[in-house]
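K.L.:
One file: upload-v1.txt (compact mmCIF, N, CA and C atoms).
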# COMPACT_ATOMS: atom_id res chain seq x y z
N MET A 1 -5.89 9.93 11.91
CA MET A 1 -6.25 8.56 12.22
C MET A 1 -5.18 7.92 13.11
N PHE A 2 -3.93 8.15 12.86
CA PHE A 2 -2.85 7.37 13.45
C PHE A 2 -2.53 7.74 14.90
N ASN A 3 -3.04 8.87 15.36
CA ASN A 3 -2.79 9.25 16.75
C ASN A 3 -3.98 8.90 17.65
N LYS A 4 -4.94 8.16 17.13
CA LYS A 4 -6.12 7.76 17.89
C LYS A 4 -5.89 6.40 18.54
N PRO A 5 -6.72 6.05 19.52
CA PRO A 5 -6.66 4.69 20.08
C PRO A 5 -7.01 3.66 19.00
N ILE A 6 -6.63 2.42 19.22
CA ILE A 6 -6.77 1.39 18.19
C ILE A 6 -8.20 1.26 17.67
N GLU A 7 -9.18 1.27 18.54
CA GLU A 7 -10.57 1.12 18.08
C GLU A 7 -10.95 2.24 17.12
N LYS A 8 -10.51 3.43 17.43
CA LYS A 8 -10.81 4.58 16.56
C LYS A 8 -10.02 4.51 15.26
N ARG A 9 -8.80 3.97 15.30
CA ARG A 9 -8.03 3.80 14.06
C ARG A 9 -8.74 2.81 13.14
N LEU A 10 -9.22 1.72 13.72
CA LEU A 10 -9.94 0.72 12.91
C LEU A 10 -11.23 1.31 12.34
N GLU A 11 -11.96 2.07 13.14
CA GLU A 11 -13.17 2.72 12.64
C GLU A 11 -12.84 3.71 11.52
N SER A 12 -11.76 4.46 11.69
CA SER A 12 -11.35 5.42 10.66
C SER A 12 -11.01 4.72 9.36
N TRP A 13 -10.36 3.55 9.45
CA TRP A 13 -10.01 2.80 8.25
C TRP A 13 -11.27 2.30 7.54
N ILE A 14 -12.25 1.80 8.31
CA ILE A 14 -13.52 1.37 7.72
C ILE A 14 -14.19 2.55 7.02
N ASP A 15 -14.27 3.69 7.71
CA ASP A 15 -14.91 4.87 7.11
C ASP A 15 -14.18 5.31 5.85
N HIS A 16 -12.85 5.26 5.88
CA HIS A 16 -12.07 5.65 4.70
C HIS A 16 -12.42 4.75 3.51
N ARG A 17 -12.47 3.45 3.73
CA ARG A 17 -12.79 2.53 2.64
C ARG A 17 -14.19 2.78 2.10
N ARG A 18 -15.13 3.03 2.96
CA ARG A 18 -16.51 3.32 2.52
C ARG A 18 -16.54 4.59 1.67
N ASN A 19 -15.79 5.60 2.09
CA ASN A 19 -15.76 6.87 1.36
C ASN A 19 -15.11 6.74 -0.01
N LEU A 20 -14.22 5.78 -0.17
CA LEU A 20 -13.53 5.62 -1.46
C LEU A 20 -14.50 5.27 -2.58
N ASP A 21 -15.56 4.53 -2.27
CA ASP A 21 -16.51 4.13 -3.31
C ASP A 21 -17.22 5.33 -3.94
N ASN A 22 -17.27 6.45 -3.24
CA ASN A 22 -17.90 7.66 -3.77
C ASN A 22 -16.91 8.77 -4.06
N SER A 23 -15.64 8.49 -3.91
CA SER A 23 -14.60 9.50 -4.09
C SER A 23 -14.37 9.83 -5.56
N ASP A 24 -14.07 11.08 -5.84
CA ASP A 24 -13.69 11.49 -7.19
C ASP A 24 -12.26 11.08 -7.52
N ASP A 25 -11.43 10.87 -6.51
CA ASP A 25 -10.04 10.49 -6.72
C ASP A 25 -9.60 9.50 -5.63
N PRO A 26 -10.12 8.27 -5.68
CA PRO A 26 -9.86 7.31 -4.61
C PRO A 26 -8.39 6.92 -4.47
N LEU A 27 -7.63 6.93 -5.56
CA LEU A 27 -6.22 6.58 -5.45
C LEU A 27 -5.45 7.65 -4.68
N GLN A 28 -5.72 8.91 -5.00
CA GLN A 28 -5.06 10.00 -4.28
C GLN A 28 -5.51 10.02 -2.82
N ASP A 29 -6.79 9.79 -2.58
CA ASP A 29 -7.29 9.78 -1.21
C ASP A 29 -6.63 8.67 -0.39
N THR A 30 -6.41 7.53 -1.01
CA THR A 30 -5.75 6.42 -0.33
C THR A 30 -4.30 6.78 -0.04
N TRP A 31 -3.61 7.37 -1.02
CA TRP A 31 -2.23 7.80 -0.79
C TRP A 31 -2.17 8.84 0.33
N ASP A 32 -3.09 9.80 0.30
CA ASP A 32 -3.08 10.85 1.31
C ASP A 32 -3.19 10.27 2.72
N LEU A 33 -3.98 9.24 2.88
CA LEU A 33 -4.10 8.61 4.19
C LEU A 33 -2.82 7.89 4.58
N TRP A 34 -2.34 6.98 3.75
CA TRP A 34 -1.22 6.12 4.14
C TRP A 34 0.12 6.83 4.11
N HIS A 35 0.21 7.91 3.37
CA HIS A 35 1.45 8.69 3.34
C HIS A 35 1.73 9.34 4.70
N THR A 36 0.69 9.54 5.49
CA THR A 36 0.85 10.18 6.80
C THR A 36 1.03 9.17 7.93
N ALA A 37 1.08 7.89 7.62
CA ALA A 37 1.23 6.85 8.65
C ALA A 37 2.60 6.95 9.31
N PRO A 38 2.69 6.58 10.60
CA PRO A 38 3.98 6.61 11.31
C PRO A 38 4.98 5.66 10.64
N PHE A 39 6.07 6.22 10.17
CA PHE A 39 7.03 5.46 9.36
C PHE A 39 8.18 4.92 10.21
N VAL A 40 8.55 3.67 9.95
CA VAL A 40 9.76 3.06 10.51
C VAL A 40 10.61 2.60 9.32
N PRO A 41 11.92 2.68 9.42
CA PRO A 41 12.76 2.32 8.27
C PRO A 41 12.61 0.87 7.81
N HIS A 42 12.49 -0.06 8.74
CA HIS A 42 12.37 -1.46 8.35
C HIS A 42 11.70 -2.23 9.47
N ASN A 43 10.65 -2.96 9.13
CA ASN A 43 9.96 -3.78 10.11
C ASN A 43 10.57 -5.18 10.08
N GLN A 44 11.33 -5.50 11.10
CA GLN A 44 12.06 -6.78 11.16
C GLN A 44 11.13 -7.99 11.19
N LYS A 45 9.89 -7.80 11.64
CA LYS A 45 8.98 -8.93 11.80
C LYS A 45 8.36 -9.41 10.49
N ILE A 46 8.45 -8.60 9.45
CA ILE A 46 7.73 -8.91 8.21
C ILE A 46 8.72 -9.11 7.07
N ASP A 47 8.57 -10.24 6.41
CA ASP A 47 9.41 -10.57 5.25
C ASP A 47 8.54 -10.43 4.00
N PRO A 48 8.79 -9.43 3.16
CA PRO A 48 7.97 -9.23 1.97
C PRO A 48 7.92 -10.44 1.04
N TYR A 49 8.91 -11.33 1.15
CA TYR A 49 8.99 -12.46 0.24
C TYR A 49 8.27 -13.70 0.76
N HIS A 50 7.77 -13.64 1.98
CA HIS A 50 7.07 -14.80 2.57
C HIS A 50 5.78 -14.33 3.22
N ASN A 51 4.68 -14.51 2.51
CA ASN A 51 3.42 -13.95 2.98
C ASN A 51 2.93 -14.55 4.29
N ARG A 52 3.47 -15.68 4.69
CA ARG A 52 3.08 -16.25 5.99
C ARG A 52 3.59 -15.38 7.15
N SER A 53 4.57 -14.53 6.88
CA SER A 53 5.07 -13.63 7.93
C SER A 53 4.25 -12.34 8.01
N TRP A 54 3.34 -12.14 7.09
CA TRP A 54 2.58 -10.89 7.07
C TRP A 54 1.46 -10.91 8.10
N PRO A 55 1.39 -9.90 8.92
CA PRO A 55 0.22 -9.79 9.80
C PRO A 55 -0.99 -9.36 8.97
N SER A 56 -2.15 -9.50 9.56
CA SER A 56 -3.36 -9.02 8.90
C SER A 56 -3.36 -7.49 8.92
N PRO A 57 -4.20 -6.86 8.11
CA PRO A 57 -4.25 -5.39 8.15
C PRO A 57 -4.67 -4.87 9.52
N TRP A 58 -5.52 -5.62 10.22
CA TRP A 58 -5.97 -5.21 11.54
C TRP A 58 -4.80 -5.24 12.53
N GLU A 59 -3.92 -6.24 12.39
CA GLU A 59 -2.74 -6.31 13.25
C GLU A 59 -1.75 -5.19 12.92
N ILE A 60 -1.62 -4.87 11.64
CA ILE A 60 -0.73 -3.77 11.25
C ILE A 60 -1.24 -2.45 11.83
N ILE A 61 -2.54 -2.23 11.73
CA ILE A 61 -3.12 -1.00 12.28
C ILE A 61 -2.95 -0.97 13.80
N ALA A 62 -3.08 -2.13 14.45
CA ALA A 62 -2.89 -2.18 15.90
C ALA A 62 -1.46 -1.81 16.28
N GLU A 63 -0.47 -2.32 15.53
CA GLU A 63 0.93 -2.00 15.82
C GLU A 63 1.23 -0.54 15.52
N ASN A 64 0.62 -0.02 14.45
CA ASN A 64 0.70 1.40 14.09
C ASN A 64 2.12 1.87 13.76
N LYS A 65 2.90 0.99 13.14
CA LYS A 65 4.23 1.33 12.62
C LYS A 65 4.30 0.78 11.21
N TYR A 66 4.69 1.62 10.27
CA TYR A 66 4.62 1.26 8.86
C TYR A 66 5.96 1.49 8.18
N ASP A 67 6.50 0.43 7.60
CA ASP A 67 7.67 0.62 6.74
C ASP A 67 7.15 0.69 5.31
N ASP A 68 8.05 0.76 4.36
CA ASP A 68 7.65 0.91 2.96
C ASP A 68 6.78 -0.26 2.49
N PHE A 69 7.11 -1.47 2.93
CA PHE A 69 6.33 -2.63 2.50
C PHE A 69 4.96 -2.68 3.16
N THR A 70 4.89 -2.47 4.49
CA THR A 70 3.58 -2.53 5.13
C THR A 70 2.68 -1.39 4.66
N ARG A 71 3.27 -0.25 4.33
CA ARG A 71 2.46 0.83 3.77
C ARG A 71 1.90 0.39 2.41
N ALA A 72 2.71 -0.26 1.59
CA ALA A 72 2.22 -0.76 0.30
C ALA A 72 1.11 -1.80 0.51
N LEU A 73 1.30 -2.70 1.46
CA LEU A 73 0.25 -3.68 1.77
C LEU A 73 -1.06 -2.98 2.14
N MET A 74 -0.96 -2.00 3.01
CA MET A 74 -2.17 -1.31 3.47
C MET A 74 -2.83 -0.52 2.35
N ILE A 75 -2.04 0.06 1.48
CA ILE A 75 -2.62 0.76 0.32
C ILE A 75 -3.39 -0.25 -0.54
N GLY A 76 -2.74 -1.36 -0.85
CA GLY A 76 -3.37 -2.38 -1.69
C GLY A 76 -4.61 -2.98 -1.05
N TRP A 77 -4.51 -3.34 0.22
CA TRP A 77 -5.66 -3.92 0.90
C TRP A 77 -6.80 -2.91 1.06
N THR A 78 -6.46 -1.67 1.31
CA THR A 78 -7.49 -0.64 1.42
C THR A 78 -8.30 -0.58 0.14
N LEU A 79 -7.62 -0.56 -1.00
CA LEU A 79 -8.32 -0.53 -2.28
C LEU A 79 -9.08 -1.82 -2.54
N LYS A 80 -8.44 -2.95 -2.29
CA LYS A 80 -9.04 -4.26 -2.59
C LYS A 80 -10.31 -4.49 -1.78
N MET A 81 -10.43 -3.85 -0.63
CA MET A 81 -11.58 -4.05 0.24
C MET A 81 -12.69 -3.02 0.00
N THR A 82 -12.71 -2.44 -1.20
CA THR A 82 -13.80 -1.53 -1.59
C THR A 82 -14.58 -2.16 -2.73
N GLN A 83 -15.79 -1.71 -2.92
CA GLN A 83 -16.58 -2.16 -4.06
C GLN A 83 -15.94 -1.72 -5.37
N LYS A 84 -15.41 -0.52 -5.37
CA LYS A 84 -14.85 0.07 -6.58
C LYS A 84 -13.65 -0.70 -7.11
N PHE A 85 -12.82 -1.26 -6.23
CA PHE A 85 -11.57 -1.91 -6.65
C PHE A 85 -11.51 -3.41 -6.35
N ARG A 86 -12.58 -3.99 -5.87
CA ARG A 86 -12.52 -5.41 -5.49
C ARG A 86 -12.16 -6.32 -6.65
N ASP A 87 -12.53 -5.94 -7.88
CA ASP A 87 -12.21 -6.76 -9.05
C ASP A 87 -10.99 -6.26 -9.82
N SER A 88 -10.37 -5.23 -9.32
CA SER A 88 -9.18 -4.68 -9.99
C SER A 88 -7.97 -5.57 -9.74
N ALA A 89 -7.05 -5.57 -10.69
CA ALA A 89 -5.77 -6.24 -10.50
C ALA A 89 -4.89 -5.31 -9.68
N ILE A 90 -4.59 -5.72 -8.47
CA ILE A 90 -3.74 -4.93 -7.59
C ILE A 90 -2.52 -5.77 -7.24
N GLU A 91 -1.35 -5.23 -7.56
CA GLU A 91 -0.10 -5.94 -7.35
C GLU A 91 0.85 -5.06 -6.55
N ILE A 92 1.67 -5.72 -5.76
CA ILE A 92 2.80 -5.04 -5.14
C ILE A 92 4.05 -5.54 -5.83
N LYS A 93 4.80 -4.61 -6.37
CA LYS A 93 6.04 -4.95 -7.04
C LYS A 93 7.20 -4.36 -6.25
N THR A 94 8.17 -5.20 -5.95
CA THR A 94 9.40 -4.71 -5.36
C THR A 94 10.36 -4.46 -6.50
N LEU A 95 10.72 -3.20 -6.70
CA LEU A 95 11.60 -2.80 -7.78
C LEU A 95 12.90 -2.29 -7.21
N VAL A 96 13.99 -2.60 -7.87
CA VAL A 96 15.30 -2.16 -7.43
C VAL A 96 15.90 -1.23 -8.48
N ASP A 97 16.32 -0.07 -8.01
CA ASP A 97 17.02 0.91 -8.84
C ASP A 97 18.50 0.76 -8.51
N ASN A 98 19.21 -0.02 -9.30
CA ASN A 98 20.63 -0.28 -9.03
C ASN A 98 21.49 0.98 -9.14
N ASP A 99 21.09 1.92 -9.97
CA ASP A 99 21.87 3.15 -10.14
C ASP A 99 21.94 3.98 -8.87
N HIS A 100 20.87 3.93 -8.08
CA HIS A 100 20.81 4.75 -6.87
C HIS A 100 20.71 3.91 -5.59
N SER A 101 20.95 2.61 -5.71
CA SER A 101 20.89 1.69 -4.56
C SER A 101 19.61 1.91 -3.75
N ARG A 102 18.48 1.85 -4.43
CA ARG A 102 17.20 2.12 -3.79
C ARG A 102 16.20 1.04 -4.17
N GLU A 103 15.33 0.72 -3.24
CA GLU A 103 14.28 -0.27 -3.46
C GLU A 103 12.93 0.40 -3.27
N TYR A 104 11.96 0.04 -4.10
CA TYR A 104 10.61 0.58 -4.02
C TYR A 104 9.62 -0.58 -3.90
N ASN A 105 8.63 -0.42 -3.04
CA ASN A 105 7.50 -1.34 -2.98
C ASN A 105 6.31 -0.55 -3.51
N ILE A 106 6.02 -0.75 -4.78
CA ILE A 106 4.97 0.04 -5.41
C ILE A 106 3.69 -0.79 -5.52
N VAL A 107 2.58 -0.09 -5.48
CA VAL A 107 1.27 -0.72 -5.65
C VAL A 107 0.79 -0.37 -7.05
N CYS A 108 0.57 -1.40 -7.87
CA CYS A 108 0.09 -1.21 -9.24
C CYS A 108 -1.40 -1.52 -9.28
N VAL A 109 -2.16 -0.61 -9.86
CA VAL A 109 -3.61 -0.77 -9.96
C VAL A 109 -3.97 -0.90 -11.43
N ASP A 110 -4.44 -2.09 -11.79
CA ASP A 110 -4.86 -2.39 -13.16
C ASP A 110 -3.79 -2.07 -14.20
N ASN A 111 -2.53 -2.22 -13.83
CA ASN A 111 -1.38 -1.95 -14.71
C ASN A 111 -1.41 -0.54 -15.31
N THR A 112 -2.14 0.36 -14.67
CA THR A 112 -2.30 1.72 -15.18
C THR A 112 -1.72 2.76 -14.23
N TRP A 113 -1.95 2.57 -12.95
CA TRP A 113 -1.53 3.54 -11.93
C TRP A 113 -0.58 2.89 -10.95
N VAL A 114 0.31 3.69 -10.39
CA VAL A 114 1.28 3.24 -9.40
C VAL A 114 1.18 4.17 -8.19
N ILE A 115 1.12 3.56 -7.02
CA ILE A 115 1.09 4.31 -5.77
C ILE A 115 2.26 3.82 -4.92
N ASN A 116 2.83 4.71 -4.14
CA ASN A 116 3.95 4.43 -3.24
C ASN A 116 5.29 4.49 -3.98
N TYR A 117 5.31 5.17 -5.09
CA TYR A 117 6.56 5.40 -5.82
C TYR A 117 6.98 6.86 -5.69
N SER A 118 6.02 7.75 -5.82
CA SER A 118 6.29 9.19 -5.79
C SER A 118 5.62 9.81 -4.58
N ASP A 119 6.28 10.77 -3.97
CA ASP A 119 5.71 11.44 -2.81
C ASP A 119 4.49 12.30 -3.15
N ILE A 120 4.21 12.50 -4.42
CA ILE A 120 3.04 13.29 -4.78
C ILE A 120 1.78 12.45 -4.85
N GLY A 121 1.94 11.13 -4.81
CA GLY A 121 0.77 10.25 -4.87
C GLY A 121 0.79 9.37 -6.09
N PRO A 122 -0.39 8.99 -6.58
CA PRO A 122 -0.46 8.09 -7.74
C PRO A 122 0.15 8.73 -8.99
N VAL A 123 0.85 7.90 -9.74
CA VAL A 123 1.41 8.33 -11.02
C VAL A 123 1.10 7.26 -12.06
N ALA A 124 1.17 7.64 -13.32
CA ALA A 124 0.95 6.67 -14.40
C ALA A 124 2.03 5.59 -14.33
N ALA A 125 1.62 4.36 -14.58
CA ALA A 125 2.54 3.22 -14.49
C ALA A 125 3.73 3.38 -15.42
N ASP A 126 3.53 4.03 -16.56
CA ASP A 126 4.64 4.16 -17.51
C ASP A 126 5.67 5.22 -17.07
N SER A 127 5.44 5.89 -15.94
CA SER A 127 6.42 6.84 -15.44
C SER A 127 7.52 6.17 -14.62
N VAL A 128 7.33 4.89 -14.28
CA VAL A 128 8.36 4.16 -13.55
C VAL A 128 9.42 3.72 -14.56
N PRO A 129 10.68 4.04 -14.32
CA PRO A 129 11.73 3.70 -15.30
C PRO A 129 11.79 2.20 -15.61
N GLU A 130 11.94 1.89 -16.85
CA GLU A 130 12.04 0.49 -17.28
C GLU A 130 13.36 -0.15 -16.83
N SER A 131 14.31 0.67 -16.45
CA SER A 131 15.60 0.15 -16.01
C SER A 131 15.54 -0.48 -14.62
N PHE A 132 14.45 -0.23 -13.88
CA PHE A 132 14.32 -0.83 -12.56
C PHE A 132 14.16 -2.35 -12.70
N ARG A 133 14.82 -3.08 -11.81
CA ARG A 133 14.75 -4.54 -11.85
C ARG A 133 13.63 -5.01 -10.93
N LEU A 134 12.77 -5.89 -11.47
CA LEU A 134 11.69 -6.47 -10.69
C LEU A 134 12.26 -7.57 -9.81
N GLU A 135 12.12 -7.41 -8.50
CA GLU A 135 12.66 -8.39 -7.57
C GLU A 135 11.57 -9.28 -6.97
N ASN A 136 10.36 -8.76 -6.86
CA ASN A 136 9.27 -9.53 -6.27
C ASN A 136 7.95 -9.01 -6.82
N LEU A 137 7.01 -9.92 -7.05
CA LEU A 137 5.69 -9.55 -7.55
C LEU A 137 4.65 -10.29 -6.73
N ILE A 138 3.72 -9.54 -6.18
CA ILE A 138 2.66 -10.11 -5.36
C ILE A 138 1.33 -9.69 -5.96
N GLU A 139 0.51 -10.66 -6.30
CA GLU A 139 -0.86 -10.37 -6.72
C GLU A 139 -1.70 -10.34 -5.45
N LEU A 140 -2.19 -9.18 -5.13
CA LEU A 140 -2.87 -9.00 -3.86
C LEU A 140 -4.31 -9.46 -3.93
N SER A 141 -4.72 -10.20 -2.92
CA SER A 141 -6.11 -10.60 -2.78
C SER A 141 -6.59 -10.00 -1.46
N PRO A 142 -7.90 -10.03 -1.22
CA PRO A 142 -8.37 -9.51 0.07
C PRO A 142 -7.67 -10.23 1.22
N PRO A 143 -7.47 -9.54 2.32
CA PRO A 143 -6.76 -10.15 3.45
C PRO A 143 -7.53 -11.32 4.04
N ARG A 144 -6.79 -12.14 4.72
CA ARG A 144 -7.39 -13.32 5.35
C ARG A 144 -8.19 -12.98 6.57
Starting from the file, give its structure as structure tokens.
P.N.:
Amino acid sequence: MFNKPIEKRLESWIDHRRNLDNSDDPLQDTWDLWHTAPFVPHNQKIDPYHNRSWPSPWEIIAENKYDDFTRALMIGWTLKMTQKFRDSAIEIKTLVDNDHSREYNIVCVDNTWVINYSDIGPVAADSVPESFRLENLIELSPPR
């Protein structure tokens, strides 16, 4: 998807969301897509703590550069924009692991599953260490 022209990227994203409603493993399928997105270490234009700085998902796809936070946004919005997950509680939590000086932007689905924490894909929410400090919590709604 990510090496295509913008119109084709947008079409691919629509098709992906449609396919999730019939998927046997929609969380893994969503991770598989966004895990392959072109990664940048930090997107200076976006402040995770101020949603007014967030571009729309269509603008993020147009830019085609994803840091940890924009990847989490796209995972959450991808799920939220399906029939299967439109009523699910989807949150982005910024967690800090002080022991390893690391920050995670994880996507929590119905307080049961976590995506964007492990490179293998979705994991059970209780696998995230309780020692991590919650720095930010966003209850995700469909994009504007």
K.L.:
Using all atoms listed in the file, which residues sit within 8 Å of segment 49-56 of chain A once same-chain residues fewer than 2 positions away are excluded, as a list in words?
P.N.:
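The filter keeps Lys45, Ile46, Asp47, Trp58, Glu59, Ile60, Ile61, Ala62, Asn136, Leu137, Pro143 and Arg144 of chain A.
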K.L.:
Per DSSP on the backbone, what are the strand (DSSP E) residues of chain A, as JSON, numbers by chain?
P.N.:
{"A": [90, 91, 92, 93, 94, 95, 96, 97, 102, 103, 104, 105, 106, 107, 108, 109, 113, 114, 115, 116, 117, 118, 121, 122, 123, 124, 133, 134, 135, 136, 137, 138, 139]}
K.L.:
List as a list in words the protein and nucleic acid residues near segment 109-126 of chain A, meaning an atom at most 7 Å away when all atoms listed in the file are counted, but skip any in the same chain fewer than 4 places from it.
P.N.:
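Listing them by chain and then by number gives Leu27, Gln28, Trp31, Asp32, Ala72, Ser88, Ala89, Ile90, Glu91, Tyr104 and Asn105 of chain A.
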K.L.:
If you measure from atom C of Val96 of chain A to atom CA of Val128 of chain A, what distance in Å do you get, rounded to one decimal?
P.N.:
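Distance between the two atoms: 10.6 Å.
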K.L.:
Between atom C of Lys8 of chain A and atom C of Ala37 of chain A, what is the distance, to one decimal in Å?
P.N.:
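Atom C of Lys8 of chain A sits 14.2 Å away from atom C of Ala37 of chain A.
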